[in-house]
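start09.json (JSON, C-alpha atoms)
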[["chain", "number", "residue", "atom", "x", "y", "z"],
["A", 19, "MET", "CA", 49.61, 78.85, 147.59],
["A", 20, "VAL", "CA", 51.03, 80.96, 144.79],
["A", 21, "GLY", "CA", 54.48, 79.51, 145.36],
["A", 22, "LEU", "CA", 53.07, 75.96, 145.24],
["A", 23, "HIS", "CA", 51.22, 76.70, 142.00],
["A", 24, "VAL", "CA", 54.40, 78.07, 140.38],
["A", 25, "SER", "CA", 56.37, 75.03, 141.53],
["A", 26, "GLN", "CA", 53.83, 72.63, 140.05],
["A", 27, "THR", "CA", 53.78, 74.57, 136.79],
["A", 28, "TYR", "CA", 57.58, 74.43, 136.65],
["A", 29, "VAL", "CA", 57.55, 70.64, 137.08],
["A", 30, "VAL", "CA", 54.96, 70.21, 134.32],
["A", 31, "VAL", "CA", 56.95, 72.42, 131.96],
["A", 32, "ARG", "CA", 60.16, 70.50, 132.67],
["A", 33, "GLN", "CA", 58.45, 67.16, 132.06],
["A", 34, "ALA", "CA", 56.99, 68.44, 128.78],
["A", 35, "ALA", "CA", 60.39, 69.74, 127.70],
["A", 36, "ALA", "CA", 62.04, 66.41, 128.51],
["A", 37, "TRP", "CA", 59.37, 64.54, 126.54],
["A", 38, "CYS", "CA", 59.91, 66.80, 123.52],
["A", 39, "TYR", "CA", 63.67, 66.32, 123.82],
["A", 40, "ARG", "CA", 63.17, 62.56, 123.56],
["A", 41, "GLY", "CA", 61.23, 63.07, 120.36],
["A", 42, "GLY", "CA", 57.71, 63.00, 121.76],
["A", 43, "SER", "CA", 56.30, 65.90, 119.77],
["A", 44, "ILE", "CA", 59.15, 67.12, 117.58],
["A", 45, "SER", "CA", 58.16, 66.61, 113.96],
["A", 46, "THR", "CA", 60.71, 65.36, 111.46],
["A", 47, "GLU", "CA", 58.75, 66.96, 108.63],
["A", 48, "PRO", "CA", 60.31, 70.08, 107.12],
["A", 49, "ARG", "CA", 58.49, 73.39, 107.52],
["A", 50, "ILE", "CA", 56.60, 74.48, 104.44],
["A", 51, "ASN", "CA", 54.92, 77.70, 103.24],
["A", 52, "ASP", "CA", 53.47, 79.85, 106.06],
["A", 53, "ARG", "CA", 55.00, 77.57, 108.73],
["A", 54, "ILE", "CA", 58.41, 79.02, 107.86],
["A", 55, "ARG", "CA", 59.10, 81.84, 110.36],
["A", 56, "VAL", "CA", 62.26, 83.67, 109.28],
["A", 57, "PRO", "CA", 62.71, 87.12, 107.72],
["A", 58, "GLU", "CA", 64.63, 85.87, 104.68],
["A", 59, "VAL", "CA", 65.69, 82.63, 103.00],
["A", 60, "ARG", "CA", 68.25, 81.37, 100.51],
["A", 61, "LEU", "CA", 65.96, 80.31, 97.70],
["A", 62, "VAL", "CA", 66.47, 77.42, 95.26],
["A", 63, "GLY", "CA", 64.24, 77.31, 92.19],
["A", 64, "PRO", "CA", 62.15, 74.37, 90.91],
["A", 65, "SER", "CA", 64.95, 73.12, 88.65],
["A", 66, "GLY", "CA", 67.65, 73.49, 91.29],
["A", 67, "GLU", "CA", 68.81, 76.92, 90.15],
["A", 68, "GLN", "CA", 70.12, 79.31, 92.80],
["A", 69, "VAL", "CA", 67.81, 82.34, 93.13],
["A", 70, "GLY", "CA", 69.73, 83.87, 96.04],
["A", 71, "ILE", "CA", 68.75, 85.40, 99.38],
["A", 72, "VAL", "CA", 65.25, 86.87, 99.23],
["A", 73, "PRO", "CA", 62.69, 88.04, 101.81],
["A", 74, "LEU", "CA", 60.31, 85.32, 102.98],
["A", 75, "ALA", "CA", 57.35, 87.22, 101.55],
["A", 76, "LYS", "CA", 58.99, 87.25, 98.11],
["A", 77, "ALA", "CA", 59.73, 83.52, 98.30],
["A", 78, "LEU", "CA", 56.10, 82.77, 99.19],
["A", 79, "GLU", "CA", 54.95, 84.98, 96.33],
["A", 80, "LEU", "CA", 57.13, 83.04, 93.87],
["A", 81, "ALA", "CA", 55.76, 79.75, 95.24],
["A", 82, "GLN", "CA", 52.23, 80.94, 94.48],
["A", 83, "GLU", "CA", 53.24, 82.03, 90.97],
["A", 84, "TYR", "CA", 54.73, 78.60, 90.21],
["A", 85, "ASP", "CA", 51.84, 76.83, 91.99],
["A", 86, "LEU", "CA", 54.40, 75.07, 94.17],
["A", 87, "ASP", "CA", 55.32, 74.81, 97.84],
["A", 88, "LEU", "CA", 58.10, 76.62, 99.63],
["A", 89, "VAL", "CA", 59.96, 73.88, 101.54],
["A", 90, "GLU", "CA", 62.69, 74.47, 104.11],
["A", 91, "VAL", "CA", 65.43, 71.97, 103.17],
["A", 92, "ALA", "CA", 68.27, 73.24, 105.38],
["A", 93, "ALA", "CA", 66.88, 74.76, 108.56],
["A", 94, "ASN", "CA", 70.26, 75.17, 110.27],
["A", 95, "ALA", "CA", 71.79, 77.27, 107.50],
["A", 96, "ARG", "CA", 72.00, 81.04, 107.92],
["A", 97, "PRO", "CA", 69.73, 82.06, 106.35],
["A", 98, "PRO", "CA", 67.75, 78.77, 106.00],
["A", 99, "VAL", "CA", 67.71, 77.22, 102.54],
["A", 100, "CYS", "CA", 64.27, 76.79, 100.97],
["A", 101, "LYS", "CA", 63.30, 75.19, 97.68],
["A", 102, "LEU", "CA", 60.29, 75.56, 95.43],
["A", 103, "MET", "CA", 58.76, 72.11, 94.84],
["A", 104, "ASP", "CA", 55.58, 70.06, 94.75],
["A", 105, "TYR", "CA", 55.82, 68.80, 98.31],
["A", 106, "GLY", "CA", 53.09, 66.18, 97.90],
["A", 107, "LYS", "CA", 54.86, 64.65, 94.91],
["A", 108, "PHE", "CA", 58.19, 64.84, 96.73],
["A", 109, "LYS", "CA", 56.81, 62.92, 99.73],
["A", 110, "TYR", "CA", 55.26, 60.28, 97.47],
["A", 111, "GLU", "CA", 58.50, 59.73, 95.52],
["A", 112, "SER", "CA", 60.51, 59.57, 98.75],
["A", 113, "ALA", "CA", 58.14, 56.95, 100.16],
["A", 114, "MET", "CA", 58.41, 54.88, 96.97],
["A", 115, "LYS", "CA", 62.22, 55.05, 97.03],
["A", 116, "ALA", "CA", 62.27, 53.96, 100.69],
["A", 117, "ARG", "CA", 59.91, 51.10, 99.88],
["A", 118, "GLU", "CA", 62.09, 49.97, 96.97],
["A", 119, "ALA", "CA", 65.19, 50.16, 99.18],
["A", 120, "ARG", "CA", 63.53, 47.95, 101.80],
["A", 121, "LYS", "CA", 62.44, 45.55, 99.07],
["A", 122, "ASN", "CA", 65.99, 45.20, 97.77],
["A", 123, "GLN", "CA", 67.54, 45.01, 101.21],
["A", 124, "ALA", "CA", 69.36, 41.73, 101.69],
["A", 125, "HIS", "CA", 69.15, 39.98, 105.03],
["A", 126, "THR", "CA", 71.66, 37.29, 105.93],
["A", 127, "VAL", "CA", 69.74, 34.08, 106.55],
["A", 128, "ILE", "CA", 71.19, 30.85, 107.90],
["A", 129, "LYS", "CA", 69.18, 27.78, 107.00],
["A", 130, "GLU", "CA", 69.72, 24.52, 108.84],
["A", 131, "MET", "CA", 69.79, 20.99, 107.49],
["A", 132, "LYS", "CA", 70.02, 17.94, 109.78],
["A", 133, "LEU", "CA", 71.34, 14.56, 108.65],
["A", 134, "ARG", "CA", 72.11, 11.20, 110.21],
["A", 135, "PRO", "CA", 75.52, 9.53, 109.67],
["A", 136, "LYS", "CA", 73.89, 6.47, 108.06],
["A", 137, "ILE", "CA", 71.40, 8.35, 105.90],
["A", 138, "ASP", "CA", 70.07, 6.35, 102.95],
["A", 139, "PRO", "CA", 70.79, 7.53, 99.36],
["A", 140, "HIS", "CA", 67.25, 8.75, 98.64],
["A", 141, "ASP", "CA", 67.09, 10.87, 101.79],
["A", 142, "TYR", "CA", 70.56, 12.21, 101.06],
["A", 143, "ASP", "CA", 69.52, 13.33, 97.58],
["A", 144, "THR", "CA", 66.45, 15.02, 99.05],
["A", 145, "LYS", "CA", 68.48, 16.85, 101.69],
["A", 146, "LYS", "CA", 71.10, 17.83, 99.12],
["A", 147, "GLY", "CA", 68.33, 19.28, 96.94],
["A", 148, "HIS", "CA", 67.25, 21.54, 99.80],
["A", 149, "VAL", "CA", 70.85, 22.67, 100.36],
["A", 150, "VAL", "CA", 71.19, 23.45, 96.64],
["A", 151, "ARG", "CA", 68.02, 25.55, 96.72],
["A", 152, "PHE", "CA", 69.16, 27.48, 99.79],
["A", 153, "LEU", "CA", 72.56, 28.23, 98.26],
["A", 154, "LYS", "CA", 70.93, 29.36, 95.00],
["A", 155, "GLN", "CA", 68.83, 31.77, 97.05],
["A", 156, "GLY", "CA", 72.04, 33.26, 98.48],
["A", 157, "ASP", "CA", 71.53, 31.84, 101.98],
["A", 158, "LYS", "CA", 74.06, 30.18, 104.24],
["A", 159, "VAL", "CA", 73.38, 26.61, 105.32],
["A", 160, "LYS", "CA", 74.28, 25.06, 108.65],
["A", 161, "ILE", "CA", 74.70, 21.30, 108.22],
["A", 162, "THR", "CA", 74.26, 19.26, 111.40],
["A", 163, "ILE", "CA", 75.14, 15.57, 111.63],
["A", 164, "MET", "CA", 73.32, 14.01, 114.59],
["A", 165, "PHE", "CA", 74.96, 11.04, 116.30],
["A", 166, "ARG", "CA", 72.99, 8.62, 118.43],
["A", 167, "GLY", "CA", 74.11, 5.80, 120.67],
["A", 168, "ARG", "CA", 77.18, 3.99, 119.39],
["A", 169, "GLU", "CA", 77.41, 6.34, 116.40],
["A", 170, "GLN", "CA", 79.19, 8.82, 118.69],
["A", 171, "SER", "CA", 82.24, 6.54, 118.71],
["A", 172, "ARG", "CA", 82.59, 6.91, 114.92],
["A", 173, "PRO", "CA", 82.80, 10.65, 114.16],
["A", 174, "GLU", "CA", 84.61, 9.88, 110.91],
["A", 175, "LEU", "CA", 81.25, 8.83, 109.42],
["A", 176, "GLY", "CA", 79.87, 12.32, 109.91],
["A", 177, "TYR", "CA", 83.06, 13.95, 108.71],
["A", 178, "ARG", "CA", 83.05, 11.95, 105.46],
["A", 179, "LEU", "CA", 79.36, 12.75, 104.91],
["A", 180, "LEU", "CA", 80.00, 16.47, 105.33],
["A", 181, "GLN", "CA", 82.96, 16.32, 102.95],
["A", 182, "ARG", "CA", 80.81, 14.51, 100.38],
["A", 183, "LEU", "CA", 78.06, 17.11, 100.63],
["A", 184, "ALA", "CA", 80.52, 20.00, 100.33],
["A", 185, "GLU", "CA", 81.98, 18.45, 97.17],
["A", 186, "ASP", "CA", 78.53, 17.83, 95.67],
["A", 187, "VAL", "CA", 77.54, 21.52, 96.01],
["A", 188, "GLN", "CA", 80.94, 23.15, 95.45],
["A", 189, "ASP", "CA", 79.67, 24.90, 92.30],
["A", 190, "LEU", "CA", 77.14, 26.80, 94.42],
["A", 191, "GLY", "CA", 78.82, 27.17, 97.81],
["A", 192, "PHE", "CA", 81.98, 26.82, 99.83],
["A", 193, "VAL", "CA", 82.87, 25.59, 103.30],
["A", 194, "GLU", "CA", 82.70, 28.69, 105.47],
["A", 195, "SER", "CA", 83.13, 26.84, 108.76],
["A", 196, "ASN", "CA", 84.94, 23.48, 108.76],
["A", 197, "PRO", "CA", 83.32, 20.46, 110.43],
["A", 198, "LYS", "CA", 83.63, 20.47, 114.20],
["A", 199, "GLN", "CA", 82.24, 18.35, 116.99],
["A", 200, "ASP", "CA", 79.60, 19.96, 119.20],
["A", 201, "GLY", "CA", 78.47, 17.47, 121.83],
["A", 202, "ARG", "CA", 76.60, 14.68, 120.06],
["A", 203, "ASN", "CA", 76.50, 16.67, 116.82],
["A", 204, "MET", "CA", 78.99, 17.62, 114.13],
["A", 205, "ILE", "CA", 78.45, 21.00, 112.44],
["A", 206, "MET", "CA", 79.62, 22.57, 109.20],
["A", 207, "VAL", "CA", 78.52, 25.87, 107.61],
["A", 208, "LEU", "CA", 78.30, 26.36, 103.85],
["A", 209, "GLY", "CA", 78.36, 29.85, 102.35],
["A", 210, "PRO", "CA", 76.93, 30.72, 98.90],
["A", 211, "HIS", "CA", 79.18, 31.90, 96.09],
["A", 212, "LYS", "CA", 76.39, 34.24, 94.99],
["A", 213, "LYS", "CA", 75.46, 37.28, 97.08],
["A", 214, "LYS", "CA", 71.95, 37.52, 98.44],
["A", 215, "THR", "CA", 71.20, 40.66, 96.40],
["A", 216, "GLU", "CA", 72.29, 38.94, 93.18],
["A", 217, "ALA", "CA", 70.14, 35.89, 93.96],
["A", 218, "MET", "CA", 67.13, 38.10, 94.69],
["A", 219, "ALA", "CA", 67.60, 40.04, 91.45],
["A", 220, "GLU", "CA", 67.88, 36.85, 89.39],
["A", 221, "ALA", "CA", 64.81, 35.37, 91.10],
["A", 222, "ARG", "CA", 62.78, 38.50, 90.26],
["A", 223, "GLN", "CA", 63.95, 38.41, 86.65],
["A", 224, "ALA", "CA", 63.04, 34.74, 86.34],
["A", 225, "GLN", "CA", 59.62, 35.38, 87.87],
["A", 226, "GLU", "CA", 58.96, 38.28, 85.50],
["A", 227, "ALA", "CA", 60.05, 36.13, 82.56],
["A", 228, "ARG", "CA", 57.64, 33.36, 83.63],
["A", 229, "LYS", "CA", 54.81, 35.87, 83.98],
["A", 230, "ALA", "CA", 55.53, 37.30, 80.54],
["A", 231, "GLU", "CA", 55.60, 33.79, 79.04],
["A", 232, "ALA", "CA", 52.35, 32.86, 80.78],
["A", 233, "LYS", "CA", 50.72, 36.04, 79.48],
["A", 234, "ALA", "CA", 51.92, 35.33, 75.95],
["A", 235, "ASN", "CA", 50.75, 31.69, 76.16],
["A", 236, "PRO", "CA", 47.63, 31.70, 78.35],
["A", 237, "GLY", "CA", 46.69, 28.14, 77.45],
["A", 238, "ARG", "CA", 50.03, 26.65, 78.45],
["A", 239, "SER", "CA", 49.95, 24.71, 81.72],
["A", 240, "GLN", "CA", 52.67, 25.33, 84.21],
["A", 241, "ASN", "CA", 55.51, 22.84, 84.37],
["A", 242, "PRO", "CA", 55.51, 20.93, 87.70],
["A", 243, "ALA", "CA", 59.19, 21.74, 88.15],
["A", 244, "GLU", "CA", 58.45, 25.46, 87.69],
["A", 245, "ALA", "CA", 55.57, 25.25, 90.15],
["A", 246, "GLU", "CA", 57.87, 23.66, 92.71],
["A", 247, "ALA", "CA", 60.51, 26.34, 92.12],
["A", 248, "GLU", "CA", 57.96, 29.12, 92.64],
["A", 249, "ALA", "CA", 56.52, 27.53, 95.77],
["A", 250, "PRO", "CA", 57.79, 28.99, 99.07],
["A", 251, "ALA", "CA", 60.61, 27.03, 100.63],
["A", 252, "GLU", "CA", 59.68, 24.84, 103.59],
["A", 253, "GLU", "CA", 62.01, 23.78, 106.34],
["A", 254, "PRO", "CA", 62.67, 20.07, 105.73],
["A", 255, "ALA", "CA", 61.96, 17.65, 108.52],
["A", 256, "GLU", "CA", 64.73, 15.89, 110.38],
["A", 257, "ALA", "CA", 65.89, 12.67, 108.78]]
Kindly return the structure encoded in the file as structure tokens.
Amino acid sequence: MVGLHVSQTYVVVRQAAAWCYRGGSISTEPRINDRIRVPEVRLVGPSGEQVGIVPLAKALELAQEYDLDLVEVAANARPPVCKLMDYGKFKYESAMKAREARKNQAHTVIKEMKLRPKIDPHDYDTKKGHVVRFLKQGDKVKITIMFRGREQSRPELGYRLLQRLAEDVQDLGFVESNPKQDGRNMIMVLGPHKKKTEAMAEARQAQEARKAEAKANPGRSQNPAEAEAEAPAEEPAEA
């Protein structure tokens, strides 16, 4: 019975160790203050100055004098490197920086616009307007010409339409992928001249400028064109 109990305990310990190894209970937070368990540390002062190697008790005493935390910033060093800092403030600033980085992160987005070879002028202008807006936002646009019935025997109609569209928006984008037949469709991809990050920065600046103007002129009604520009983009329906 004793042998069985030891065997079961060994299995439980091994499972717990494997779980910890996969990150189950290992904290990514640095050790601070009395959680640091080493005889001495290489201490860095509040302003980044090198204090030198001091006993842990001395480092904790200095932390109390400065009303700061002793934070282990390099646990693998010999001895570990610790710094005197306001750990709560440090965590808050780190979280804000991470949030700002995520906010400014640019994701490549491919919008899609579908047209018919014999699209009428009004619908073409509407579709072109959507393409212009997408390119201004720094997004790529996949243009799909859909052929139906006898239209499939005249691919030159789709090719000319794609060429016309590319020329109409050449100030904002370029042909990244030339027109090619894909079954009953013809596809072309337009890429923006402006990077996504630049487009996002300009959009934020324009929005802040509009807010500042609205605050300075509270009685001024919003221009319909501005309202449309601020409205979230909707995927246009197929022509």
Select, from A:Gln225, A:Met218, A:Pro64, A:Asp141, the residue with the minimum atom-to-atom distance to Phe108 (chain A), counting all atoms listed in the file. A:Pro64
Which of these, A:Ala81, A:Ala93, A:Ala219, A:Val150, has the shortest distance to Glu185 (chain A) once you count all atoms listed in the file?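 Among A:Ala81, A:Ala93, A:Ala219, A:Val150, it is A:Val150 that comes nearest to Glu185 (chain A).
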Selection: 8 Å around Ile71 (chain A), only C-alpha atoms, excl. self and same-chain fewer than 3 positions, as number ranges by chain: A: 58-61, 97
Taking C-alpha atoms for each residue, export the selection above as a tab-separated table (two decimals), in the frame of the given file.
chain	number	residue	atom	x	y	z
A	58	GLU	CA	64.63	85.87	104.68
A	59	VAL	CA	65.69	82.63	103.00
A	60	ARG	CA	68.25	81.37	100.51
A	61	LEU	CA	65.96	80.31	97.70
A	97	PRO	CA	69.73	82.06	106.35
To one decimal in Å, tell me the separation between CA of Met164 (chain A) and CA of Lys214 (chain A).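 These two atoms are separated by 28.6 Å.
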Nearest residue to Pro173 (chain A) from the set A:Pro135, A:Gly147, A:Gly209, A:Pro57 (distances using only C-alpha atoms):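 When distances to Pro173 (chain A) are compared using only C-alpha atoms, the smallest one comes from A:Pro135.
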Quick check, in Å to one decimal: how far apart do CA of Glu231 (chain A) and CA of Arg151 (chain A) lie? 23.1 Å
Please determine, counting only C-alpha atoms, which residue among A:Val91, A:Val99, A:Val62, A:Ile205 has the shortest atom-to-atom distance to Glu130 (chain A).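 For Glu130 (chain A), the nearest of the given residues is A:Ile205.
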List as a PyMOL selection string the protein and nucleic acid residues near Glu90 (chain A), meaning an atom at most 7 Å away when only C-alpha atoms are counted, but skip any in the same chain fewer than 2 places from it. chain A and resi 48-50+88+92-93+98-101
Which residue of A:Asp87, A:Arg134, A:Gly66, A:Pro73 approaches Asn51 (chain A) most closely, using all atoms listed in the file: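 Using all atoms listed in the file, Asn51 (chain A) sits closest to A:Asp87.
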Would you mind reading off the distance between CA of Met131 (chain A) and CA of Arg178 (chain A), one decimal, in Å? 16.2 Å
If we count all atoms listed in the file, what is near Lys136 (chain A) at a cut-off of 12 Å, once residues fewer than 2 positions away on the same chain are taken out, given as a list in words? Leu133, Arg134, Asp138, Pro139, His140, Asp141, Tyr142, Ile163, Met164, Phe165, Arg166, Glu169, Arg172, Pro173, Glu174, Leu175, Gly176, Tyr177, Arg178, Leu179 and Ala257 of chain A
For Arg96 (chain A), which of A:Ile128, A:Ala224, A:Val56, A:Val69 is the closest residue, counting all atoms listed in the file? A:Val56
